[in-house]
Each structure stands twice: as structure tokens, then as C-alpha cells.
file query10.cif (mmCIF, C-alpha atoms)
data_coords
#
loop_
_atom_site.label_atom_id
_atom_site.label_comp_id
_atom_site.auth_asym_id
_atom_site.auth_seq_id
_atom_site.Cartn_x
_atom_site.Cartn_y
_atom_site.Cartn_z
CA MET L 1 16.37 -19.36 -18.71
CA ARG L 2 16.67 -19.79 -14.95
CA TYR L 3 16.81 -17.58 -11.90
CA SER L 4 17.34 -17.57 -8.17
CA ILE L 5 16.30 -15.40 -5.27
CA LEU L 6 19.64 -15.39 -3.46
CA GLY L 7 18.00 -13.66 -0.50
CA SER L 8 15.47 -11.00 0.37
CA GLY L 9 14.55 -9.10 3.51
CA SER L 10 15.81 -6.27 5.64
CA ASN L 11 19.37 -7.69 5.87
CA ALA L 12 20.30 -8.33 2.24
CA ASN L 13 18.65 -8.66 -1.17
CA ALA L 14 19.83 -10.11 -4.48
CA TYR L 15 18.01 -11.62 -7.49
CA LEU L 16 20.00 -13.50 -10.15
CA PHE L 17 18.84 -14.32 -13.69
CA GLU L 18 20.69 -16.30 -16.37
CA HIS L 19 20.12 -17.19 -20.01
CA ASP L 20 22.42 -18.61 -22.67
CA GLY L 21 25.65 -17.92 -20.79
CA GLU L 22 24.73 -14.38 -19.68
CA ALA L 23 23.67 -13.50 -16.15
CA PHE L 24 22.16 -10.35 -14.62
CA LEU L 25 22.00 -9.42 -10.94
CA PHE L 26 19.43 -7.09 -9.39
CA ASP L 27 20.84 -5.55 -6.19
CA ASN L 28 23.44 -7.03 -3.87
CA GLY L 29 23.28 -6.51 -0.15
CA PHE L 30 25.60 -9.46 0.52
CA SER L 31 29.36 -9.52 0.96
CA LEU L 32 31.28 -10.87 -2.02
CA LYS L 33 32.04 -14.07 -0.10
CA GLU L 34 28.42 -14.66 0.89
CA LEU L 35 27.04 -13.81 -2.55
CA THR L 36 29.50 -16.24 -4.12
CA ARG L 37 28.49 -18.97 -1.68
CA ARG L 38 24.80 -18.44 -2.35
CA ALA L 39 25.24 -18.25 -6.13
CA GLU L 40 27.36 -21.42 -6.25
CA SER L 41 24.89 -23.23 -3.99
CA SER L 42 22.20 -22.27 -6.49
CA GLY L 43 24.26 -23.57 -9.44
CA PHE L 44 25.22 -20.18 -10.90
CA ASP L 45 28.61 -18.93 -12.08
CA LEU L 46 29.17 -15.26 -11.18
CA SER L 47 31.77 -14.94 -13.94
CA GLN L 48 28.83 -14.97 -16.39
CA LEU L 49 27.46 -11.72 -14.95
CA LYS L 50 27.12 -8.85 -17.42
CA PHE L 51 25.48 -6.11 -15.33
CA ILE L 52 24.37 -5.25 -11.81
CA PHE L 53 21.01 -3.45 -11.68
CA LEU L 54 20.50 -1.22 -8.64
CA THR L 55 17.07 -0.35 -7.24
CA HIS L 56 18.22 2.10 -4.54
CA ILE L 57 21.04 3.00 -2.17
CA HIS L 58 19.99 1.41 1.13
CA ASP L 59 22.62 -0.99 2.48
CA ASP L 60 20.51 -4.13 2.20
CA HIS L 61 20.49 -3.58 -1.58
CA LEU L 62 23.79 -1.76 -2.16
CA ARG L 63 26.31 -3.08 0.38
CA GLY L 64 28.00 -5.61 -1.90
CA VAL L 65 27.60 -3.86 -5.26
CA ALA L 66 30.98 -2.11 -5.45
CA PRO L 67 33.16 -5.13 -4.46
CA LEU L 68 31.28 -7.30 -6.96
CA SER L 69 31.63 -4.67 -9.68
CA ARG L 70 35.39 -4.47 -9.12
CA ARG L 71 35.87 -8.24 -8.87
CA TYR L 72 34.15 -9.02 -12.19
CA HIS L 73 34.52 -5.64 -13.94
CA LEU L 74 30.75 -5.17 -14.03
CA PRO L 75 28.90 -1.99 -14.99
CA VAL L 76 26.28 -0.86 -12.48
CA VAL L 77 22.94 0.22 -13.94
CA ALA L 78 21.33 2.99 -11.84
CA HIS L 79 19.18 6.09 -12.16
CA GLY L 80 20.88 8.77 -14.19
CA GLU L 81 20.38 11.43 -11.50
CA LEU L 82 21.73 9.27 -8.67
CA ASP L 83 25.16 10.34 -7.40
CA LEU L 84 26.22 6.79 -6.64
CA GLY L 85 29.71 7.80 -5.51
CA ARG L 86 28.21 9.38 -2.38
CA TYR L 87 26.93 6.04 -1.13
CA ILE L 88 29.57 3.43 -1.99
CA LYS L 89 33.02 2.67 -0.64
CA GLY L 90 35.66 2.45 -3.36
CA ASP L 91 35.23 2.57 -7.10
CA ILE L 92 32.98 0.63 -9.43
CA GLU L 93 33.80 -0.49 -12.94
CA GLN L 94 31.31 1.90 -14.57
CA LYS L 95 27.92 3.47 -13.90
CA LEU L 96 25.37 3.18 -16.69
CA ASP L 97 22.68 5.85 -16.42
CA ILE L 98 19.06 5.07 -17.16
CA ARG L 99 15.75 6.89 -16.77
CA THR L 100 12.41 5.54 -15.59
CA GLY L 101 9.74 4.90 -18.21
CA ARG L 102 12.17 4.17 -21.05
CA GLU L 103 12.82 0.79 -22.64
CA TYR L 104 16.39 -0.51 -22.88
CA LYS L 105 17.86 -3.64 -24.43
CA THR L 106 21.12 -5.49 -23.85
CA GLY L 107 21.64 -8.92 -25.37
CA ALA L 108 18.60 -11.06 -24.63
CA LEU L 109 17.42 -8.74 -21.86
CA ARG L 110 14.82 -6.02 -22.46
CA PHE L 111 14.00 -3.86 -19.45
CA GLU L 112 12.36 -0.72 -18.08
CA ALA L 113 12.62 0.93 -14.68
CA PHE L 114 9.79 2.65 -12.82
CA PRO L 115 9.78 4.96 -9.78
CA THR L 116 8.96 3.60 -6.33
CA SER L 117 7.83 5.56 -3.26
CA HIS L 118 10.70 5.09 -0.81
CA ASP L 119 12.93 7.19 1.41
CA ALA L 120 15.94 6.81 -0.86
CA PRO L 121 16.85 9.13 -3.75
CA HIS L 122 15.73 7.95 -7.19
CA SER L 123 14.41 4.62 -5.91
CA MET L 124 13.24 2.30 -8.70
CA GLY L 125 11.73 -1.06 -9.51
CA TYR L 126 12.33 -3.08 -12.68
CA HIS L 127 10.15 -4.69 -15.34
CA PHE L 128 12.05 -6.91 -17.76
CA THR L 129 11.81 -9.76 -20.24
CA LEU L 130 14.38 -12.52 -20.63
CA ALA L 131 13.96 -15.53 -22.94
CA GLY L 132 10.24 -14.94 -23.32
CA THR L 133 9.45 -14.62 -19.59
CA THR L 134 8.50 -11.23 -18.16
CA PHE L 135 9.30 -10.28 -14.56
CA THR L 136 8.61 -7.33 -12.29
CA ILE L 137 10.54 -6.59 -9.08
CA LEU L 138 8.32 -4.46 -6.84
CA THR L 139 9.76 -3.93 -3.36
CA ASP L 140 10.71 -1.03 -1.08
CA THR L 141 7.75 1.21 -1.75
CA GLY L 142 5.22 2.71 0.63
CA LEU L 143 2.63 3.22 -2.11
CA THR L 144 1.63 1.45 -5.29
CA SER L 145 0.72 3.23 -8.52
CA GLU L 146 -1.08 2.73 -11.82
CA VAL L 147 2.32 2.23 -13.46
CA MET L 148 3.16 -0.60 -11.06
CA THR L 149 -0.25 -2.16 -11.70
CA ARG L 150 0.30 -2.03 -15.45
CA TYR L 151 3.70 -3.65 -15.20
CA ALA L 152 2.44 -6.37 -12.84
CA GLU L 153 -0.49 -7.16 -15.13
CA SER L 154 1.86 -7.63 -18.09
CA SER L 155 4.26 -9.90 -16.16
CA ASP L 156 4.50 -13.66 -15.86
CA VAL L 157 6.28 -13.47 -12.51
CA LEU L 158 6.06 -10.77 -9.82
CA PHE L 159 8.39 -10.29 -6.85
CA LEU L 160 6.12 -8.40 -4.46
CA GLU L 161 7.04 -6.87 -1.13
CA ALA L 162 5.04 -7.90 1.93
CA ASN L 163 7.24 -6.29 4.53
CA TYR L 164 5.19 -6.02 7.70
CA ASP L 165 2.05 -6.97 9.53
CA GLU L 166 0.31 -3.86 10.86
CA THR L 167 -0.47 -5.29 14.30
CA LEU L 168 2.95 -6.83 14.80
CA LEU L 169 4.67 -3.64 13.68
CA GLU L 170 2.81 -1.68 16.31
CA SER L 171 3.75 -4.09 19.10
CA CYS L 172 7.34 -4.96 18.11
CA SER L 173 10.47 -3.50 19.70
CA TYR L 174 11.21 -0.97 16.96
CA PRO L 175 11.44 2.64 18.16
CA ARG L 176 8.46 4.85 17.33
CA PHE L 177 10.26 6.81 14.59
CA LEU L 178 11.14 3.58 12.77
CA LYS L 179 7.59 2.28 12.99
CA LYS L 180 6.34 5.54 11.48
CA ARG L 181 8.93 5.35 8.71
CA ILE L 182 8.06 1.76 7.77
CA ALA L 183 4.32 2.45 7.64
CA SER L 184 4.67 5.77 5.81
CA ASP L 185 4.09 6.53 2.13
CA LYS L 186 7.89 6.41 1.73
CA GLY L 187 8.31 3.15 3.62
CA HIS L 188 7.22 -0.39 2.79
CA LEU L 189 4.16 -2.38 1.77
CA SER L 190 2.26 -4.22 4.50
CA ASN L 191 0.81 -7.70 4.10
CA SER L 192 -2.66 -6.24 3.54
CA ALA L 193 -1.37 -3.71 1.00
CA ALA L 194 0.40 -6.44 -0.96
CA VAL L 195 -2.70 -8.63 -1.03
CA GLN L 196 -4.90 -5.69 -2.00
CA PHE L 197 -2.53 -4.82 -4.84
CA LEU L 198 -3.03 -8.31 -6.28
CA ASN L 199 -6.77 -8.22 -5.71
CA ASN L 200 -6.99 -4.99 -7.70
CA LEU L 201 -5.34 -6.45 -10.81
CA SER L 202 -7.50 -6.90 -13.87
CA PRO L 203 -9.03 -10.36 -14.39
CA GLU L 204 -7.39 -10.26 -17.82
CA SER L 205 -3.95 -9.90 -16.25
CA MET L 206 -1.33 -12.32 -17.58
CA LEU L 207 0.30 -12.61 -14.13
CA SER L 208 0.45 -16.25 -13.03
CA SER L 209 3.14 -16.43 -10.31
CA VAL L 210 3.97 -14.24 -7.30
CA TYR L 211 6.76 -14.34 -4.76
CA PHE L 212 5.95 -12.53 -1.54
CA CYS L 213 9.34 -11.21 -0.46
CA HIS L 214 11.29 -8.65 1.58
CA LEU L 215 9.62 -9.81 4.81
CA SER L 216 10.79 -8.13 8.00
CA GLY L 217 12.23 -10.34 10.71
CA ASN L 218 10.77 -8.19 13.50
CA SER L 219 7.42 -6.94 12.23
CA ASN L 220 6.32 -9.89 10.11
CA ASN L 221 6.62 -13.64 9.75
CA PRO L 222 5.62 -16.17 7.07
CA GLU L 223 2.84 -17.65 9.19
CA LEU L 224 1.11 -14.29 9.65
CA LEU L 225 1.39 -13.54 5.95
CA ALA L 226 0.16 -17.02 4.98
CA HIS L 227 -2.90 -16.59 7.18
CA HIS L 228 -3.66 -13.18 5.68
CA VAL L 229 -3.22 -14.50 2.14
CA LYS L 230 -5.54 -17.44 2.72
CA GLU L 231 -8.16 -15.21 4.32
CA SER L 232 -8.07 -12.28 1.90
CA LEU L 233 -6.43 -13.09 -1.44
CA GLU L 234 -8.87 -13.08 -4.35
CA TRP L 235 -6.30 -12.98 -7.15
CA LYS L 236 -6.12 -16.36 -8.90
CA GLY L 237 -2.62 -17.71 -9.43
CA ARG L 238 0.20 -19.45 -7.64
CA TYR L 239 2.36 -17.88 -5.00
CA ARG L 240 5.22 -18.58 -2.66
CA ILE L 241 6.15 -16.84 0.57
CA LEU L 242 9.90 -16.33 0.92
CA LYS L 243 11.31 -16.34 4.43
CA LYS L 244 13.68 -13.55 5.38
CA GLY L 245 17.10 -14.39 3.97
CA GLU L 246 15.87 -17.53 2.20
CA ARG L 247 17.74 -18.67 -0.90
CA PHE L 248 15.38 -20.20 -3.43
CA VAL L 249 15.82 -21.67 -6.89
CA PRO L 250 12.59 -22.49 -8.78
CA ALA L 251 12.79 -25.93 -10.33
CA ALA L 252 9.31 -27.31 -10.88
CA ALA L 253 5.65 -26.74 -10.05
CA GLU L 254 5.96 -28.64 -6.79
CA ASN L 255 8.34 -25.96 -5.48
CA TRP L 256 5.37 -23.63 -5.02
CA GLU L 257 4.17 -23.79 -1.45
CA GLU L 258 0.61 -22.69 -2.19
CA ARG L 259 -1.83 -22.46 -5.03
CA ASN L 260 -4.91 -20.27 -5.19
CA LEU L 261 -6.66 -21.62 -8.28
#

call {"tool": "encode", "arguments": {"input": "query10.cif", "output": "C-alpha cells"}}
result
Amino acid sequence: MRYSILGSGSNANAYLFEHDGEAFLFDNGFSLKELTRRAESSGFDLSQLKFIFLTHIHDDHLRGVAPLSRRYHLPVVAHGELDLGRYIKGDIEQKLDIRTGREYKTGALRFEAFPTSHDAPHSMGYHFTLAGTTFTILTDTGLTSEVMTRYAESSDVLFLEANYDETLLESCSYPRFLKKRIASDKGHLSNSAAVQFLNNLSPESMLSSVYFCHLSGNSNNPELLAHHVKESLEWKGRYRILKKGERFVPAAAENWEERNL
């Protein structure tokens, strides 16, 4: 089993997982050309894709979903109450409806979706197991919940949003309404909120690896987050901070930038 973060941040997001000739993509904010370039650079073949899993309808997660679906005849997995046709241009191969809190299985993939607190209808995160490794994708939420904590604690790998630094958000060039949206309960997680989420996990948690992702290019930077993590993180495990738009393929232990053991 292998995976790649093809990119995360406010411009475009996509996470690719592959096992035994089957691949699964979570979100696609990239054009078909750019996604193909990033996937091939990471050593993945998009023709192996079986499904696209959608978290929500904002462009940085949705923009490239329909062209990819048409190109490879891929079903799109989304919330059953989401009227996806309102938000995409052109047709998709098929929409597969799911509900949060239910377990589903397809091939070697077992997954559940959970609600997130975001200003997009029926926004979700995903908790899934592939080839014995359990992942949780937790981004685009202004609040965390007991459900999110439970999923994180039962994961091997967590993709955790650290979108903004509170001080930098206040001083950056964003208009006031956007600053309020980002920092709201329906916005994003700050650096301090992400660190506090990890600190609140049970000591018996099985979580061993965290990617801090979905960093803003205007109201955050990796150096600020790294400083905050080193000063405040109590959770014991390994972590990596992903730069906005960074493509990353885990290969070995030395690929982790930091360890907090």
C-alpha cells in the first residue's frame, strides 16, 4: 500500500491511495493536466483509479472532479443529500450516495464519513482502512468534535488541517469578512486549534503519524507552524508539515521532517 499527498492548501487539494492495482482519490482541486502531472511524478497511474471521494463542494476540492470522472469513467462518492449537479460543470460518470456514520466497503477499502463544521453543504471528512493501515482526513472544519477525536485516536495516520496563524490572519491583507469567515465555527482550524486537538487525544491512542496540511499561503507559513508545534505540542508521535501546494510521497522514516518522541 502506498499513498501521496498530491497537494493541499487553499488552491487545490488531492490525496491518492493505491493498493494491489486499485487506487482511490480523495478530492481533486487540480485540472486534469496538473493532476496527471503530479500523479505521474509520484509514480501513480490514474487509470487504476476506482472512485473519487468528495469532502465538499468548494473549488479547491471539487474543481477537477468532473473532468477526471469523465476521463476515467469514475463514480464520485459524496453525501447522499448533496445536489452535486448544482456545483459542477458538465456530467460525471455516476454519483454514489453515502451517509455519515455508516461503514462502507469496496474491494480492499473500508471507510466511513463524518460531518465537519464548514460553510459548505454536507461537508465531510473520511476515516478509512486500506491494507491494514487506517487513515483519517480532517480538514476544512472550524470546530472539532468527539467523533473526530474518536476517529483520530483509532488511526495510524492523520491528515490534520492547520490553516492559519491567529496573529498573521489578523494582520494579513484579507478583507474583514474573509478573516471572520476563516476564524468562525464554520471556517478552518488554526495552528493552535490543531495542536490542541492532538494534545487532547488519549494517551492510549494508536495514532503515530500526523501530516499538518491545508496551510494558507496568506495567513500561515510552515515556519510559524513549526515554532508553535515545538513550543506547544505534547502529543507523542511523528509529524510533517506540508507546505501549501507541496506534493509529497512518503518513502521511509527519514522523510519525516520532525519527531516528537

call {"tool": "atom_distance", "arguments": {"input": "query10.cif", "atom1": "atom CA of L:Arg181", "atom2": "atom CA of L:Thr141"}}
result
11.3 Å

call {"tool": "resolve_selection", "arguments": {"input": "query10.cif", "expression": "the PyMOL selection byres ((chain L and resi 103-111) around 8)", "output": "list in words"}}
result
His19, Gly101, Arg102, Glu112, Ala113, Tyr126, His127, Phe128, Thr129, Leu130 and Ala131 of chain L

call {"tool": "residues_around", "arguments": {"input": "query10.cif", "residues": "stretch 155-166 of chain L", "least_positions_apart": "4", "cutoff": "7 Å", "atoms": "all atoms listed in the file", "output": "ChimeraX atom specification"}}
result
/L:133-140,151,170,188-191,194,206-216,219-220

call {"tool": "residues_around", "arguments": {"input": "query10.cif", "residues": "stretch 227-235 of chain L", "least_positions_apart": "4", "cutoff": "7 Å", "atoms": "all atoms listed in the file", "output": "list in words"}}
result
Val195, Leu198, Asn199 and Glu223 of chain L

call {"tool": "closest_residue", "arguments": {"input": "query10.cif", "among": "L:Ala120, L:Ile57, L:Leu169, L:Leu16", "to": "L:Gly43", "atoms": "all atoms listed in the file"}}
result
L:Leu16

call {"tool": "residues_around", "arguments": {"input": "query10.cif", "residues": "stretch 73-89 of chain L", "least_positions_apart": "6", "cutoff": "7 Å", "atoms": "only C-alpha atoms", "output": "PyMOL selection string"}}
result
chain L and resi 50-54+57+66+95-99+121-122

call {"tool": "closest_residue", "arguments": {"input": "query10.cif", "among": "L:Ser154, L:Ser4, L:Thr100, L:Ser184", "to": "L:Ser41", "atoms": "all atoms listed in the file"}}
result
L:Ser4

call {"tool": "closest_residue", "arguments": {"input": "query10.cif", "among": "L:Leu49, L:Asp91, L:Asp59, L:Val147", "to": "L:Tyr72", "atoms": "only C-alpha atoms"}}
result
L:Leu49

call {"tool": "atom_distance", "arguments": {"input": "query10.cif", "atom1": "atom CA of L:Ala251", "atom2": "atom CA of L:Arg2"}}
result
8.6 Å

call {"tool": "residues_around", "arguments": {"input": "query10.cif", "residues": "L:Ala14", "least_positions_apart": "3", "cutoff": "6 Å", "atoms": "only C-alpha atoms", "output": "PDB file with C-alpha atoms, keeping the file's coordinate frame"}}
result
ATOM      1  CA  LEU L   6      19.640 -15.390  -3.460  1.00  0.00           C
ATOM      2  CA  GLY L   7      18.000 -13.660  -0.500  1.00  0.00           C
ATOM      3  CA  PHE L  26      19.430  -7.090  -9.390  1.00  0.00           C
ATOM      4  CA  ASP L  27      20.840  -5.550  -6.190  1.00  0.00           C
ATOM      5  CA  ASN L  28      23.440  -7.030  -3.870  1.00  0.00           C
TER       6      ASN L  28
END

call {"tool": "atom_distance", "arguments": {"input": "query10.cif", "atom1": "atom CA of L:Gly9", "atom2": "atom CA of L:Phe24"}}
result
19.7 Å

call {"tool": "build_atoms", "arguments": {"input": "query10.cif", "residues": "stretch 142-153 of chain L", "atoms": "all heavy atoms", "output": "PDB file, keeping the file's coordinate frame"}}
result
ATOM      1  N   GLY L 142       6.298   2.511  -0.316  1.00  0.00           N
ATOM      2  CA  GLY L 142       5.220   2.710   0.630  1.00  0.00           C
ATOM      3  C   GLY L 142       3.857   2.819  -0.031  1.00  0.00           C
ATOM      4  O   GLY L 142       2.830   2.675   0.627  1.00  0.00           O
ATOM      5  N   LEU L 143       3.863   3.087  -1.334  1.00  0.00           N
ATOM      6  CA  LEU L 143       2.630   3.220  -2.110  1.00  0.00           C
ATOM      7  C   LEU L 143       2.768   2.448  -3.414  1.00  0.00           C
ATOM      8  O   LEU L 143       3.868   2.294  -3.941  1.00  0.00           O
ATOM      9  CB  LEU L 143       2.349   4.686  -2.434  1.00  0.00           C
ATOM     10  CG  LEU L 143       2.051   5.640  -1.274  1.00  0.00           C
ATOM     11  CD1 LEU L 143       1.945   7.061  -1.811  1.00  0.00           C
ATOM     12  CD2 LEU L 143       0.761   5.238  -0.555  1.00  0.00           C
ATOM     13  N   THR L 144       1.651   2.010  -3.946  1.00  0.00           N
ATOM     14  CA  THR L 144       1.630   1.450  -5.290  1.00  0.00           C
ATOM     15  C   THR L 144       1.001   2.477  -6.236  1.00  0.00           C
ATOM     16  O   THR L 144       0.382   3.444  -5.810  1.00  0.00           O
ATOM     17  CB  THR L 144       0.847   0.134  -5.340  1.00  0.00           C
ATOM     18  OG1 THR L 144      -0.482   0.352  -4.850  1.00  0.00           O
ATOM     19  CG2 THR L 144       1.545  -0.918  -4.493  1.00  0.00           C
ATOM     20  N   SER L 145       1.158   2.257  -7.527  1.00  0.00           N
ATOM     21  CA  SER L 145       0.720   3.230  -8.520  1.00  0.00           C
ATOM     22  C   SER L 145       0.096   2.509  -9.714  1.00  0.00           C
ATOM     23  O   SER L 145       0.206   1.282  -9.860  1.00  0.00           O
ATOM     24  CB  SER L 145       1.904   4.072  -9.000  1.00  0.00           C
ATOM     25  OG  SER L 145       2.832   3.256  -9.715  1.00  0.00           O
ATOM     26  N   GLU L 146      -0.520   3.294 -10.594  1.00  0.00           N
ATOM     27  CA  GLU L 146      -1.080   2.730 -11.820  1.00  0.00           C
ATOM     28  C   GLU L 146       0.015   2.129 -12.697  1.00  0.00           C
ATOM     29  O   GLU L 146      -0.198   1.120 -13.378  1.00  0.00           O
ATOM     30  CB  GLU L 146      -1.846   3.798 -12.589  1.00  0.00           C
ATOM     31  CG  GLU L 146      -3.120   4.258 -11.897  1.00  0.00           C
ATOM     32  CD  GLU L 146      -3.884   5.271 -12.728  1.00  0.00           C
ATOM     33  OE1 GLU L 146      -3.466   5.542 -13.874  1.00  0.00           O
ATOM     34  OE2 GLU L 146      -4.908   5.796 -12.234  1.00  0.00           O
ATOM     35  N   VAL L 147       1.192   2.759 -12.684  1.00  0.00           N
ATOM     36  CA  VAL L 147       2.320   2.230 -13.460  1.00  0.00           C
ATOM     37  C   VAL L 147       2.712   0.850 -12.949  1.00  0.00           C
ATOM     38  O   VAL L 147       2.924  -0.087 -13.732  1.00  0.00           O
ATOM     39  CB  VAL L 147       3.514   3.193 -13.399  1.00  0.00           C
ATOM     40  CG1 VAL L 147       4.762   2.553 -14.003  1.00  0.00           C
ATOM     41  CG2 VAL L 147       3.188   4.491 -14.122  1.00  0.00           C
ATOM     42  N   MET L 148       2.812   0.700 -11.643  1.00  0.00           N
ATOM     43  CA  MET L 148       3.160  -0.600 -11.060  1.00  0.00           C
ATOM     44  C   MET L 148       2.102  -1.639 -11.404  1.00  0.00           C
ATOM     45  O   MET L 148       2.429  -2.790 -11.730  1.00  0.00           O
ATOM     46  CB  MET L 148       3.284  -0.467  -9.539  1.00  0.00           C
ATOM     47  CG  MET L 148       4.409   0.426  -9.085  1.00  0.00           C
ATOM     48  SD  MET L 148       4.327   0.691  -7.293  1.00  0.00           S
ATOM     49  CE  MET L 148       5.632   1.902  -7.064  1.00  0.00           C
ATOM     50  N   THR L 149       0.830  -1.239 -11.346  1.00  0.00           N
ATOM     51  CA  THR L 149      -0.250  -2.160 -11.700  1.00  0.00           C
ATOM     52  C   THR L 149      -0.120  -2.608 -13.147  1.00  0.00           C
ATOM     53  O   THR L 149      -0.258  -3.807 -13.458  1.00  0.00           O
ATOM     54  CB  THR L 149      -1.614  -1.479 -11.486  1.00  0.00           C
ATOM     55  OG1 THR L 149      -1.772  -1.183 -10.100  1.00  0.00           O
ATOM     56  CG2 THR L 149      -2.753  -2.370 -11.945  1.00  0.00           C
ATOM     57  N   ARG L 150       0.164  -1.684 -14.032  1.00  0.00           N
ATOM     58  CA  ARG L 150       0.300  -2.030 -15.450  1.00  0.00           C
ATOM     59  C   ARG L 150       1.450  -3.001 -15.687  1.00  0.00           C
ATOM     60  O   ARG L 150       1.312  -3.975 -16.436  1.00  0.00           O
ATOM     61  CB  ARG L 150       0.508  -0.752 -16.270  1.00  0.00           C
ATOM     62  CG  ARG L 150       0.516  -1.003 -17.777  1.00  0.00           C
ATOM     63  CD  ARG L 150       0.565   0.281 -18.560  1.00  0.00           C
ATOM     64  NE  ARG L 150       1.879   0.926 -18.489  1.00  0.00           N
ATOM     65  CZ  ARG L 150       2.124   2.063 -17.885  1.00  0.00           C
ATOM     66  NH1 ARG L 150       1.140   2.718 -17.263  1.00  0.00           N
ATOM     67  NH2 ARG L 150       3.336   2.590 -17.884  1.00  0.00           N
ATOM     68  N   TYR L 151       2.565  -2.748 -15.037  1.00  0.00           N
ATOM     69  CA  TYR L 151       3.700  -3.650 -15.200  1.00  0.00           C
ATOM     70  C   TYR L 151       3.396  -5.031 -14.615  1.00  0.00           C
ATOM     71  O   TYR L 151       3.741  -6.066 -15.204  1.00  0.00           O
ATOM     72  CB  TYR L 151       4.946  -3.074 -14.544  1.00  0.00           C
ATOM     73  CG  TYR L 151       5.634  -2.000 -15.358  1.00  0.00           C
ATOM     74  CD1 TYR L 151       6.059  -0.821 -14.768  1.00  0.00           C
ATOM     75  CD2 TYR L 151       5.868  -2.165 -16.720  1.00  0.00           C
ATOM     76  CE1 TYR L 151       6.691   0.173 -15.498  1.00  0.00           C
ATOM     77  CE2 TYR L 151       6.506  -1.181 -17.467  1.00  0.00           C
ATOM     78  CZ  TYR L 151       6.914  -0.020 -16.846  1.00  0.00           C
ATOM     79  OH  TYR L 151       7.539   0.958 -17.584  1.00  0.00           O
ATOM     80  N   ALA L 152       2.766  -5.079 -13.448  1.00  0.00           N
ATOM     81  CA  ALA L 152       2.440  -6.370 -12.840  1.00  0.00           C
ATOM     82  C   ALA L 152       1.489  -7.163 -13.725  1.00  0.00           C
ATOM     83  O   ALA L 152       1.647  -8.382 -13.893  1.00  0.00           O
ATOM     84  CB  ALA L 152       1.820  -6.152 -11.464  1.00  0.00           C
ATOM     85  N   GLU L 153       0.501  -6.487 -14.300  1.00  0.00           N
ATOM     86  CA  GLU L 153      -0.490  -7.160 -15.130  1.00  0.00           C
ATOM     87  C   GLU L 153       0.121  -7.722 -16.420  1.00  0.00           C
ATOM     88  O   GLU L 153      -0.414  -8.686 -16.983  1.00  0.00           O
ATOM     89  CB  GLU L 153      -1.628  -6.207 -15.472  1.00  0.00           C
ATOM     90  CG  GLU L 153      -2.519  -5.884 -14.282  1.00  0.00           C
ATOM     91  CD  GLU L 153      -3.602  -4.875 -14.599  1.00  0.00           C
ATOM     92  OE1 GLU L 153      -3.475  -4.165 -15.633  1.00  0.00           O
ATOM     93  OE2 GLU L 153      -4.570  -4.784 -13.816  1.00  0.00           O
TER      94      GLU L 153
END
